[in-house]
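Visitor: Quick one: the structure is below, and I'll ask about it shortly.
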Protein chains: 2
Amino acid sequence: MKRMNIGLLGIGTVGGGVFELLKSNITEIQRKTATDMKIIAVADKDIARAKEIVGSSIEVTNDPFKLVADKEIDVIVELIGGTTIAKDLIIKAIENKKHVVTANKALLANFGNELFELAKKNNVTLAFEASVAGGIPILKSIREGLAGNKIEWVAGIINGTTNFILTEMREKGITFAEALSEAQSLGFAESDPTFDIEGIDAAHKLTILAGLSFGIPMSFKDVYVEGITTLEQKDIQYADELGYRIKLLGIAKKRDKGIELRVHPTLIPEKRLIANVNGVMNAVVVKGNMIGPTLYYGAGAGALPTASSVVADLIDISRSSHVPPHGFEDNKIDKIPIYKIDDAISGYYLRIRVSDKPGVLAEITKLFGDKKISIDAMLQKEPKEYESEADIVILSHLAVEKDINVVIHSIESLPATIGNVIKIRLEELSK
Amino acid sequence: MKRMNIGLLGIGTVGGGVFELLKSNITEIQRKTATDMKIIAVADKDIARAKEIVGSSIEVTNDPFKLVADKEIDVIVELIGGTTIAKDLIIKAIENKKHVVTANKALLANFGNELFELAKKNNVTLAFEASVAGGIPILKSIREGLAGNKIEWVAGIINGTTNFILTEMREKGITFAEALSEAQSLGFAESDPTFDIEGIDAAHKLTILAGLSFGIPMSFKDVYVEGITTLEQKDIQYADELGYRIKLLGIAKKRDKGIELRVHPTLIPEKRLIANVNGVMNAVVVKGNMIGPTLYYGAGAGALPTASSVVADLIDISRSSHVPPHGFEDNKIDKIPIYKIDDAISGYYLRIRVSDKPGVLAEITKLFGDKKISIDAMLQKEPKEYESEADIVILSHLAVEKDINVVIHSIESLPATIGNVIKIRLEELSK
């Protein structure tokens, strides 16, 4: 098996996530890459805390410059953030012919142009999927999946903090200040929330999205930025009455003579999917001239979602040109058994036609109890005038299919039941 | 510039789309790949029609076997479909060391395992992004973007025909038969719609999704399949009353002892994004153990969206290991001007506080007329008791920002206006 030695700069939230991901999923990753990815050294200013996380088998230092010079290390993962020391470290790493993976949007939005040039000159990869929209593979989708298109526009909810605040303002009818303080107490906003609420973080990400969508240099200074701090409750309500939601959008749009780059609160028709993206979740709509509008949705921040993108970049580097058709190494395709439908588990919608007699519902619910299947919701329709039959609709909790089939068979055998029971499966798709 | 010679097998709907896309977007594609992609030969049984589409400069034949043996051709794009001749052609192409790009889900679901093996043996790529969910880059997202995750489940609306039928049944209260015949007259369903409405097409795609998500062989014969033909209007209504939508889902779920693979009508809570994917659109939810649920949405069929994925595969092949950071060649990064916010175009929400006097609204709307900005919607709130002021909310059609600012300035100068006008931008995000 190939070996990839990783040096991790910064083991805070995201760095800890990368460490945890590689520990949990290393076998699956080896199935996909035939590469043993290993963090062999960590640099963090809090050495004690870092050692607590990674244990004693991994080198820990408070000197990140040691790592970017370390000959044993193939790839540097930069998760320190900011545009000062992180920049110096990435430059040194690249000059030392190491690939670099970073989540640092501020750095790329401000200095991406020179860093990309330096990486090219040194023939290494500078990868940054995690810099925009956390775990959503939006950069790869634009750069590769939609590469056959001319991108016409991109519009995204690319800051989770502000989307949480706007969602709370709308759902609870509270002010911006109240929603911000709620976000802070839940850990969704920092004690100094300026970068998020003033739209600067979104502008960094929009800069990168626009660079990849249109093939233009990173142009952060040209982005128009307006945050959500002055937004009033009243306007959210009025927008609602008119059929709109207000979201902080980053918008990059090609026009005949140039490109619009802007971040600001925006009314969106409520019937658009993106208008219904709530809480801390992110989503980006990309409009290609051939595909039309497409949308990408998922967690835009957090330790493990962001780590998901960092590791995707590591996997890209390890695969270089070879991506097998399944995305798993050919000798790692497993013959995992496929369940028969009788053994599948889901919720169920049952529609039962019954004679309208007393006690029928009790008989039916007892049959569920006998098989230990819980009922989640029920709808009993009154018989229409001159009718003596009625529909009962039952939603069940999760059950094995063969068990629900026994219940259905028993229901159909009741004297009050008319015809067959209609069964449709139900999935919450929540976790 | 590198050259990629393409042989196109089948120039029907999708084949025509690929031809059109390469013609329209070739300059942009060259910016991204430094490769001149050229369809140099087309095989189709209808030679006359094919010649009409491609003109006289491209070779047209009715013998596809000629193309897969042609030494000038680097990549074969197979868009004939089906599992007989298409299979023979792909085998021959691979044996002749040509890369193959295909949209043929039936073929891959049934014979993918042997075809992948053959491609590996011959050291060529067999690419198939277009086989699932049309233009949505869902396979790349699973195989690469989410590669750091163990995939826990996938659930998708992966057949546009049935989603259109279900949407019409719900929105218009019509029967399955009525909705099907509407779909047929609009060209969204074929005259023999069996493959779509019985869930077979979705099962083909689910087979491929499961193969890539879990690293298992293509297992079409193990998929449980149930179509939408027996679905009654009543059940759609009852589901609605309970807060659910019914969608035809393809579901692949990992459990402790194996995998569930099933296609069937499914109730989904209406608050999930995927429950609100309507008409012919597709969407796939992928749940990774690190990223959580993510969603990918877009056009799942049609000439140009499907061509978008075919060409993405061609671009992948042309790039082999080299994907530049922007996705554009480094010497093709253009310095396109960025518009100042004054020159940006959007819709606007304006909230105006006014003294409640006759004629105010007329004065305000006249100011819009003077600048030729149309009003899209208006909301006039009655003053509360004991109040002499009221809010007027106006949504404008598209306008240049500096023009709306002139209107705002004029409104603020009216004697009846109190304080400043609140302006929030509005985007339809529809086209």
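Note on naming: chains are A, B, ... as they come in the structure tokens, residues start from 1 per chain, ligands start from 1 in the order shown.
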Show me, as a VMD selection string, the residues that have an atom within 12 Å of Glu129 (chain A) when counting only C-alpha atoms, minus same-chain residues fewer than 2 positions from it.

Guide: (chain A and resid 100 to 105 108 126 to 127 131 to 143 205 208 to 209 212 300 305 to 316) or (chain B and resid 144 to 146 325 to 326)

Visitor: Would you write out, as CSV, a table of all residues in chain A that have an atom no more than 6 Å from an atom of chain B, listing for each the closest atom pair and the distance in Å to one decimal, considering only C-alpha atoms and ordering rows by chain and rising residue number?

Guide:
residue,atom,partner,partner_atom,distance
A:Gly135,CA,B:Ile291,CA,5.8
A:Pro137,CA,B:Gly145,CA,5.0
A:Arg143,CA,B:Gly327,CA,4.7
A:Gly145,CA,B:Pro137,CA,5.0
A:Ala147,CA,B:Ala312,CA,5.6
A:Gly148,CA,B:Ala312,CA,5.5
A:Leu212,CA,B:His326,CA,4.5
A:Gly215,CA,B:Ile333,CA,5.0
A:Ile216,CA,B:Asp334,CA,5.0
A:Gly258,CA,B:Pro337,CA,4.8
A:Ile259,CA,B:Ile338,CA,4.8
A:Glu260,CA,B:Tyr339,CA,5.2
A:Thr266,CA,B:Arg425,CA,5.0
A:Leu267,CA,B:Leu426,CA,4.4
A:Ile268,CA,B:Glu427,CA,5.6
A:Met290,CA,B:Leu304,CA,5.2
A:Ile291,CA,B:Pro305,CA,4.1
A:Thr294,CA,B:Gly298,CA,4.3
A:Leu295,CA,B:Tyr297,CA,4.8
A:Tyr296,CA,B:Tyr296,CA,4.8
A:Tyr297,CA,B:Leu295,CA,4.8
A:Gly298,CA,B:Thr294,CA,4.3
A:Leu304,CA,B:Met290,CA,5.2
A:Pro305,CA,B:Ile291,CA,4.1
A:Ser308,CA,B:Gly148,CA,5.5
A:Val311,CA,B:Gly148,CA,5.5
A:Ala312,CA,B:Gly148,CA,5.5
A:Ser320,CA,B:Ser321,CA,5.4
A:Ser321,CA,B:Ser321,CA,4.0
A:His326,CA,B:Leu212,CA,4.5
A:Gly327,CA,B:Arg143,CA,4.7
A:Phe328,CA,B:Gly215,CA,5.6
A:Ile333,CA,B:Gly215,CA,4.9
A:Asp334,CA,B:Ile216,CA,5.0
A:Lys335,CA,B:Ile216,CA,5.7
A:Ile336,CA,B:Gly258,CA,5.6
A:Pro337,CA,B:Gly258,CA,4.8
A:Ile338,CA,B:Ile259,CA,4.8
A:Tyr339,CA,B:Glu260,CA,5.2
A:Arg425,CA,B:Thr266,CA,5.0
A:Leu426,CA,B:Leu267,CA,4.4
A:Glu427,CA,B:Ile268,CA,5.6
A:Glu428,CA,B:Ile268,CA,5.9

Visitor: Could you save the residues just selected, with C-alpha atoms, as a PDB file, in the first residue's frame?

Guide:
ATOM      1  CA  GLY A 135     -18.698  19.583   3.375  1.00  0.00           C
ATOM      2  CA  PRO A 137     -18.449  19.340  -2.788  1.00  0.00           C
ATOM      3  CA  ARG A 143     -14.724  22.779 -11.694  1.00  0.00           C
ATOM      4  CA  GLY A 145     -18.973  18.119 -12.818  1.00  0.00           C
ATOM      5  CA  ALA A 147     -17.108  21.832 -16.668  1.00  0.00           C
ATOM      6  CA  GLY A 148     -18.968  21.438 -19.977  1.00  0.00           C
ATOM      7  CA  LEU A 212     -13.878  28.887 -10.461  1.00  0.00           C
ATOM      8  CA  GLY A 215     -12.113  31.562 -14.668  1.00  0.00           C
ATOM      9  CA  ILE A 216     -11.250  34.955 -13.225  1.00  0.00           C
ATOM     10  CA  GLY A 258     -18.509  41.852 -16.884  1.00  0.00           C
ATOM     11  CA  ILE A 259     -19.474  40.148 -13.691  1.00  0.00           C
ATOM     12  CA  GLU A 260     -21.589  41.175 -10.721  1.00  0.00           C
ATOM     13  CA  THR A 266     -32.036  39.042  -0.691  1.00  0.00           C
ATOM     14  CA  LEU A 267     -35.713  38.252  -1.165  1.00  0.00           C
ATOM     15  CA  ILE A 268     -36.223  34.871  -2.875  1.00  0.00           C
ATOM     16  CA  MET A 290     -26.522  23.620 -20.687  1.00  0.00           C
ATOM     17  CA  ILE A 291     -27.649  22.006 -17.431  1.00  0.00           C
ATOM     18  CA  THR A 294     -28.620  22.918 -10.126  1.00  0.00           C
ATOM     19  CA  LEU A 295     -28.506  23.004  -6.339  1.00  0.00           C
ATOM     20  CA  TYR A 296     -26.054  21.593  -3.782  1.00  0.00           C
ATOM     21  CA  TYR A 297     -27.098  21.394  -0.150  1.00  0.00           C
ATOM     22  CA  GLY A 298     -25.484  20.270   3.085  1.00  0.00           C
ATOM     23  CA  LEU A 304     -16.676  16.667  10.617  1.00  0.00           C
ATOM     24  CA  PRO A 305     -18.415  18.166   7.558  1.00  0.00           C
ATOM     25  CA  SER A 308     -15.049  15.601   4.908  1.00  0.00           C
ATOM     26  CA  VAL A 311     -10.055  14.509   3.298  1.00  0.00           C
ATOM     27  CA  ALA A 312     -11.708  14.514  -0.146  1.00  0.00           C
ATOM     28  CA  SER A 320      -3.771  11.578  -8.896  1.00  0.00           C
ATOM     29  CA  SER A 321      -4.925  10.302 -12.275  1.00  0.00           C
ATOM     30  CA  HIS A 326     -16.800   2.705  -8.346  1.00  0.00           C
ATOM     31  CA  GLY A 327     -14.508   5.072  -6.495  1.00  0.00           C
ATOM     32  CA  PHE A 328     -13.284   1.960  -4.649  1.00  0.00           C
ATOM     33  CA  ILE A 333     -15.442  -4.241  -4.307  1.00  0.00           C
ATOM     34  CA  ASP A 334     -17.275  -6.207  -1.626  1.00  0.00           C
ATOM     35  CA  LYS A 335     -20.103  -8.640  -2.218  1.00  0.00           C
ATOM     36  CA  ILE A 336     -22.270  -7.362   0.608  1.00  0.00           C
ATOM     37  CA  PRO A 337     -25.600  -9.235   0.874  1.00  0.00           C
ATOM     38  CA  ILE A 338     -28.693  -7.422  -0.365  1.00  0.00           C
ATOM     39  CA  TYR A 339     -31.720  -7.712   1.927  1.00  0.00           C
ATOM     40  CA  ARG A 425     -43.678   2.901   2.540  1.00  0.00           C
ATOM     41  CA  LEU A 426     -42.562   5.994   4.455  1.00  0.00           C
ATOM     42  CA  GLU A 427     -39.063   7.393   5.012  1.00  0.00           C
ATOM     43  CA  GLU A 428     -38.229  10.278   7.326  1.00  0.00           C
TER      44      GLU A 428
END

Visitor: Considering only C-alpha atoms, return as a list in words whatever protein or nucleic-acid residues lie within 8 Å of region 3-6 of chain B, sequence-local ones (same chain, fewer than 3 positions apart) excluded.

Guide: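 Non-adjacent residues within range: Thr35, Asp36, Met37, Lys38, Ile39, Ile40, Ala41, Glu72, Ile73, Asp74, Val75, Ile76, Val77 and Ser318 of chain B.
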
Visitor: How far is it from CA of Pro383 (chain B) to CA of Asp356 (chain B), in Å with one decimal?

Guide: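 It comes out at 7.3 Å.
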
Visitor: Calculate how many Å separate CA of Phe188 (chain A) from CA of Ile11 (chain A), rounding to one decimal.

Guide: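 Spanning CA of Phe188 (chain A) to CA of Ile11 (chain A) is a straight-line distance of 19.2 Å.
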
Visitor: Report the residues of region 95-280 of chain A whose backbone DSSP state falls under strand (DSSP E or B), written as a ChimeraX atom specification.

Guide: /A:99-102,126-127,151-157,224-225,244-255,258-269
